[in-house]
Every structure is written in C-alpha cells, then in structure tokens.
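The structure appears right after this line, and notes come after that.
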Amino acid sequence: MIRTHASDHGHDIDLDAALDFLNTLELESGQLVDHLVEPADAATWFADHALIHADTVDAWTARDLERVRVVRNALLDVVDSVVEGRSPEPGSVELVNAALATQPTLRLEMDGSACRVGHGHSAAPVDDALAVLADVIVGELATGRPERFRICANDRCRWTFYDDSPTGRRRWCDMRTCGNQAKAARHRERVKAQASAGPSPDTAPAPPA
C-alpha cells in the first residue's frame, strides 16, 4: 500500500504570503528598512509560515540570513521589472533560477511495512524554504496573471502586492493607509491652490451701495 506524506509536512505558501516575504524589505516614512536583521528573524518568519520546522530555527547562521536577503532582493527585482515593464537584472534571474533548482523532490519512503510518498530535502532548510517562495512567484509569472503585480503608488511606501480587485485598477497597498493618505494630500493641495488663487468673481463681496 502507498500512502501520501502527512499533510502538515507540505511546506506550502500562497502568493500573498510570498509577497509579504518580499516586503520584509520596505520603506517606512521614506526610509528603507530591513526587518530581517538577525538569522533568527529570517528563520522565525519561515517557521511562522510553516516553510521550515520550528526545531531548526536556532541553527540558522549569518550565512543563511545573507542567502535569504540575496534571493529576496532578486525576487523583488523580478517582480518590480514586471510592474515597470523592464528586464530584470541577469544576476537576479540567475539567483532565482538557483533557488528554484533546490525544490524538494518527491520520493517513495518505507513506513514500516507500507510505502508512502514523501519528499526529499536539500542539505539546508533555507534552500528548501526559498525554493517554495520562488516557485509561487515564478508560477504566477508563468501561468497566472502577472499583470496584476503592483507596487504601491505611495512613494513613501512602495509595498509590493497583488491586485485581486474586480477592475484590476488598484493603486494602493491598502486604502485605509496609503490610499487615504493620497486622498488627504490631494485635498490639501486643492485647498492650498484655491487659497493662492483668491476668491472667484462669483464669491467676491458686493461693493457697498
């Protein structure tokens, strides 16, 4: 008899979460901030998203952190290139392809007297995790709707997101934050312009009798 591997061992992630990984490097009030400062920061992010086993978090090193950052930045360049209508850097393409090449492979495993379908891991958990993330994003480029990738129109945010709105015209990562800020800024500009122009003839006070 052949059984499939335990479902809690799948190490899957959806597109929104994969883009959240890219946004661990983000603008905050116009300043670039990296939220992955220590190896544990990256390992915990992957463990929280079930991409690695929790018992491997303490084993992550500075080299693992650097690998995560390099591949994340390459994926960011690829997504940004789609949004901006340009070609990604050749080095970014090579890094993403290298990450994809370490994807876990299906394999048959003996489980007592039975046989089950499992998957083999690469030598380093970081490579397995990055392969899954790269696969989700590249898969959307290949068979999804890559034209729906977006970068927030707020120049002080630039959050990467996927536009799943019915019209496909979403510009802001979140209307409650960046969208409302843009609306407020436009309102302030209109008020300022009207004040500079002075009262219109229709609203000027009538001369005294």
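Residue numbering restarts at 1 in every chain; chains get A, B, ... in the order shown in the structure tokens, and ligands count up from 1 in that same order.
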
Can you tell me, as a PDB file with N, CA and C atoms, in the first residue's frame, what residues are no more than 9 Å from region 32-48 of chain A when counting only C-alpha atoms, ignoring any on the same chain fewer than 2 positions away?
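The result, stored in part.pdb:
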```
ATOM      1  N   PHE A  21       6.822  38.212   2.148  1.00  0.00           N
ATOM      2  CA  PHE A  21       8.249  37.946   2.337  1.00  0.00           C
ATOM      3  C   PHE A  21       9.078  39.023   1.632  1.00  0.00           C
ATOM      4  N   ASN A  23       8.238  41.985   1.175  1.00  0.00           N
ATOM      5  CA  ASN A  23       8.042  43.236   1.901  1.00  0.00           C
ATOM      6  C   ASN A  23       8.708  43.261   3.266  1.00  0.00           C
ATOM      7  N   THR A  24       9.501  42.243   3.575  1.00  0.00           N
ATOM      8  CA  THR A  24      10.352  42.352   4.769  1.00  0.00           C
ATOM      9  C   THR A  24      11.454  43.384   4.538  1.00  0.00           C
ATOM     10  N   LEU A  25      11.624  43.799   3.280  1.00  0.00           N
ATOM     11  CA  LEU A  25      12.451  44.971   2.949  1.00  0.00           C
ATOM     12  C   LEU A  25      11.481  46.032   2.446  1.00  0.00           C
ATOM     13  N   GLU A  26      11.280  47.084   3.225  1.00  0.00           N
ATOM     14  CA  GLU A  26      10.242  48.050   2.873  1.00  0.00           C
ATOM     15  C   GLU A  26      10.644  49.463   3.239  1.00  0.00           C
ATOM     16  N   LEU A  27       9.894  50.399   2.669  1.00  0.00           N
ATOM     17  CA  LEU A  27      10.042  51.804   3.036  1.00  0.00           C
ATOM     18  C   LEU A  27       9.130  52.112   4.210  1.00  0.00           C
ATOM     19  N   GLU A  28       9.691  52.769   5.207  1.00  0.00           N
ATOM     20  CA  GLU A  28       8.898  53.272   6.323  1.00  0.00           C
ATOM     21  C   GLU A  28       9.177  54.761   6.438  1.00  0.00           C
ATOM     22  N   SER A  29       8.158  55.568   6.148  1.00  0.00           N
ATOM     23  CA  SER A  29       8.305  57.025   6.145  1.00  0.00           C
ATOM     24  C   SER A  29       9.442  57.463   5.230  1.00  0.00           C
ATOM     25  N   GLY A  30       9.555  56.772   4.104  1.00  0.00           N
ATOM     26  CA  GLY A  30      10.556  57.134   3.113  1.00  0.00           C
ATOM     27  C   GLY A  30      11.924  56.540   3.343  1.00  0.00           C
ATOM     28  N   ALA A  50       5.337  28.069   8.218  1.00  0.00           N
ATOM     29  CA  ALA A  50       5.400  26.610   8.034  1.00  0.00           C
ATOM     30  C   ALA A  50       6.272  26.189   6.853  1.00  0.00           C
ATOM     31  N   LEU A  51       7.301  26.982   6.564  1.00  0.00           N
ATOM     32  CA  LEU A  51       8.212  26.631   5.476  1.00  0.00           C
ATOM     33  C   LEU A  51       9.426  25.851   5.978  1.00  0.00           C
ATOM     34  N   ILE A  52       9.669  25.912   7.267  1.00  0.00           N
ATOM     35  CA  ILE A  52      10.714  25.106   7.889  1.00  0.00           C
ATOM     36  C   ILE A  52      10.155  24.548   9.193  1.00  0.00           C
ATOM     37  N   HIS A  53      10.838  23.570   9.743  1.00  0.00           N
ATOM     38  CA  HIS A  53      10.433  23.019  11.034  1.00  0.00           C
ATOM     39  C   HIS A  53      10.920  23.936  12.151  1.00  0.00           C
ATOM     40  N   ALA A  54      10.088  24.143  13.142  1.00  0.00           N
ATOM     41  CA  ALA A  54      10.409  25.063  14.226  1.00  0.00           C
ATOM     42  C   ALA A  54      11.686  24.686  14.955  1.00  0.00           C
ATOM     43  N   ASP A  55      12.010  23.385  14.983  1.00  0.00           N
ATOM     44  CA  ASP A  55      13.196  22.981  15.726  1.00  0.00           C
ATOM     45  C   ASP A  55      14.505  23.284  15.005  1.00  0.00           C
ATOM     46  N   THR A  56      14.427  23.880  13.802  1.00  0.00           N
ATOM     47  CA  THR A  56      15.653  24.249  13.077  1.00  0.00           C
ATOM     48  C   THR A  56      15.973  25.739  13.198  1.00  0.00           C
ATOM     49  N   VAL A  57      15.100  26.511  13.865  1.00  0.00           N
ATOM     50  CA  VAL A  57      15.279  27.966  13.926  1.00  0.00           C
ATOM     51  C   VAL A  57      16.614  28.346  14.554  1.00  0.00           C
ATOM     52  N   ASP A  58      16.972  27.724  15.655  1.00  0.00           N
ATOM     53  CA  ASP A  58      18.183  28.104  16.378  1.00  0.00           C
ATOM     54  C   ASP A  58      19.453  27.767  15.614  1.00  0.00           C
ATOM     55  N   ALA A  59      19.339  26.936  14.596  1.00  0.00           N
ATOM     56  CA  ALA A  59      20.528  26.523  13.854  1.00  0.00           C
ATOM     57  C   ALA A  59      20.884  27.464  12.700  1.00  0.00           C
ATOM     58  N   TRP A  60      20.027  28.453  12.438  1.00  0.00           N
ATOM     59  CA  TRP A  60      20.294  29.354  11.307  1.00  0.00           C
ATOM     60  C   TRP A  60      21.481  30.260  11.612  1.00  0.00           C
ATOM     61  N   THR A  61      22.275  30.532  10.580  1.00  0.00           N
ATOM     62  CA  THR A  61      23.514  31.286  10.732  1.00  0.00           C
ATOM     63  C   THR A  61      23.458  32.595   9.938  1.00  0.00           C
ATOM     64  N   ALA A  62      24.506  33.401  10.111  1.00  0.00           N
ATOM     65  CA  ALA A  62      24.616  34.641   9.336  1.00  0.00           C
ATOM     66  C   ALA A  62      24.666  34.347   7.841  1.00  0.00           C
ATOM     67  N   ARG A  63      25.247  33.224   7.474  1.00  0.00           N
ATOM     68  CA  ARG A  63      25.287  32.844   6.061  1.00  0.00           C
ATOM     69  C   ARG A  63      23.883  32.552   5.537  1.00  0.00           C
ATOM     70  N   ASP A  64      23.046  31.903   6.345  1.00  0.00           N
ATOM     71  CA  ASP A  64      21.659  31.653   5.947  1.00  0.00           C
ATOM     72  C   ASP A  64      20.915  32.976   5.763  1.00  0.00           C
ATOM     73  N   LEU A  65      21.124  33.908   6.689  1.00  0.00           N
ATOM     74  CA  LEU A  65      20.468  35.212   6.600  1.00  0.00           C
ATOM     75  C   LEU A  65      20.865  35.927   5.309  1.00  0.00           C
ATOM     76  N   GLU A  66      22.148  35.899   4.987  1.00  0.00           N
ATOM     77  CA  GLU A  66      22.610  36.560   3.772  1.00  0.00           C
ATOM     78  C   GLU A  66      22.001  35.918   2.532  1.00  0.00           C
ATOM     79  N   VAL A  68      19.087  34.436   2.357  1.00  0.00           N
ATOM     80  CA  VAL A  68      17.689  34.869   2.324  1.00  0.00           C
ATOM     81  C   VAL A  68      17.581  36.273   1.729  1.00  0.00           C
ATOM     82  N   ARG A  69      18.415  37.171   2.195  1.00  0.00           N
ATOM     83  CA  ARG A  69      18.355  38.552   1.712  1.00  0.00           C
ATOM     84  C   ARG A  69      18.670  38.637   0.213  1.00  0.00           C
ATOM     85  N   VAL A 126      17.140  26.457   4.620  1.00  0.00           N
ATOM     86  CA  VAL A 126      16.936  27.752   3.967  1.00  0.00           C
ATOM     87  C   VAL A 126      16.717  27.582   2.473  1.00  0.00           C
ATOM     88  N   ALA A 129      13.122  26.403   1.804  1.00  0.00           N
ATOM     89  CA  ALA A 129      12.149  27.475   2.022  1.00  0.00           C
ATOM     90  C   ALA A 129      12.166  28.476   0.880  1.00  0.00           C
TER      91      ALA A 129
END
```

Near Val71 (chain A), within 12 Å and counting only C-alpha atoms, which residues show up once chain neighbours fewer than 4 positions away are dropped, as a compact mmCIF listing (two decimals) with N, CA and C atoms, in the first residue's frame?
```
# COMPACT_ATOMS: atom_id res chain seq x y z
N PHE A 21 6.82 38.21 2.15
CA PHE A 21 8.25 37.95 2.34
C PHE A 21 9.08 39.02 1.63
N LEU A 22 8.70 39.39 0.42
CA LEU A 22 9.42 40.45 -0.28
C LEU A 22 9.35 41.75 0.50
N LEU A 25 11.62 43.80 3.28
CA LEU A 25 12.45 44.97 2.95
C LEU A 25 11.48 46.03 2.45
N ASP A 64 23.05 31.90 6.35
CA ASP A 64 21.66 31.65 5.95
C ASP A 64 20.91 32.98 5.76
N LEU A 65 21.12 33.91 6.69
CA LEU A 65 20.47 35.21 6.60
C LEU A 65 20.86 35.93 5.31
N GLU A 66 22.15 35.90 4.99
CA GLU A 66 22.61 36.56 3.77
C GLU A 66 22.00 35.92 2.53
N ARG A 67 21.87 34.59 2.54
CA ARG A 67 21.25 33.89 1.41
C ARG A 67 19.79 34.33 1.25
N LEU A 75 14.18 38.34 -6.15
CA LEU A 75 12.76 38.19 -6.43
C LEU A 75 12.07 39.56 -6.51
N LEU A 76 12.48 40.47 -5.65
CA LEU A 76 11.95 41.83 -5.70
C LEU A 76 12.25 42.49 -7.04
N ASP A 77 13.47 42.31 -7.51
CA ASP A 77 13.86 42.88 -8.80
C ASP A 77 13.02 42.30 -9.93
N VAL A 78 12.77 40.98 -9.87
CA VAL A 78 11.96 40.34 -10.90
C VAL A 78 10.54 40.88 -10.90
N GLY A 91 21.74 38.96 -13.03
CA GLY A 91 22.11 38.32 -11.76
C GLY A 91 20.90 37.90 -10.95
N SER A 92 19.83 38.70 -11.01
CA SER A 92 18.61 38.34 -10.30
C SER A 92 17.99 37.08 -10.88
N VAL A 93 17.98 36.98 -12.20
CA VAL A 93 17.43 35.80 -12.86
C VAL A 93 18.23 34.56 -12.46
N GLU A 94 19.54 34.67 -12.43
CA GLU A 94 20.38 33.54 -12.06
C GLU A 94 20.12 33.10 -10.62
N LEU A 95 19.97 34.07 -9.73
CA LEU A 95 19.71 33.74 -8.33
C LEU A 95 18.37 33.07 -8.14
N VAL A 96 17.34 33.54 -8.83
CA VAL A 96 16.01 32.93 -8.71
C VAL A 96 16.04 31.53 -9.30
N ASN A 97 16.70 31.34 -10.42
CA ASN A 97 16.79 30.01 -11.01
C ASN A 97 17.54 29.04 -10.09
N ALA A 98 18.58 29.54 -9.43
CA ALA A 98 19.32 28.70 -8.49
C ALA A 98 18.45 28.30 -7.31
N ALA A 99 17.59 29.24 -6.86
CA ALA A 99 16.67 28.91 -5.76
C ALA A 99 15.66 27.87 -6.19
N LEU A 100 15.13 28.01 -7.40
CA LEU A 100 14.16 27.04 -7.91
C LEU A 100 14.75 25.65 -8.02
N VAL A 126 17.14 26.46 4.62
CA VAL A 126 16.94 27.75 3.97
C VAL A 126 16.72 27.58 2.47
N ASP A 127 17.40 26.63 1.85
CA ASP A 127 17.24 26.41 0.41
C ASP A 127 15.86 25.86 0.08
N ALA A 129 13.12 26.40 1.80
CA ALA A 129 12.15 27.48 2.02
C ALA A 129 12.17 28.48 0.88
N LEU A 130 13.35 28.86 0.45
CA LEU A 130 13.46 29.83 -0.64
C LEU A 130 12.94 29.25 -1.95
N ALA A 131 13.13 27.96 -2.15
CA ALA A 131 12.63 27.32 -3.37
C ALA A 131 11.11 27.39 -3.45
N VAL A 132 10.44 27.17 -2.32
CA VAL A 132 8.98 27.23 -2.30
C VAL A 132 8.51 28.65 -2.60
N LEU A 133 9.14 29.64 -1.99
CA LEU A 133 8.76 31.04 -2.24
C LEU A 133 8.97 31.43 -3.70
N ALA A 134 10.13 31.05 -4.24
CA ALA A 134 10.43 31.38 -5.64
C ALA A 134 9.43 30.69 -6.57
```

* To do: Find, counting only C-alpha atoms, the residue in A:Ser113, A:Thr143, A:Thr160, A:Gln103 that gets nearest to Asp174 (chain A).
  =>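 Using only C-alpha atoms, the shortest distance to Asp174 (chain A) belongs to A:Thr160.
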
* Would you return as an MDAnalysis selection string the members of region 55-164 of chain A that DSSP assigns to alpha helix (DSSP H) on this structure's backbone? => chainID A and resid 62:84 90:100 125:143

* Asked: From the set A:Leu141, A:Ile13, A:Cys173, A:Cys152, which residue has the shortest atom-to-atom contact distance to Val82 (chain A), counting only C-alpha atoms?
  -> A:Leu141
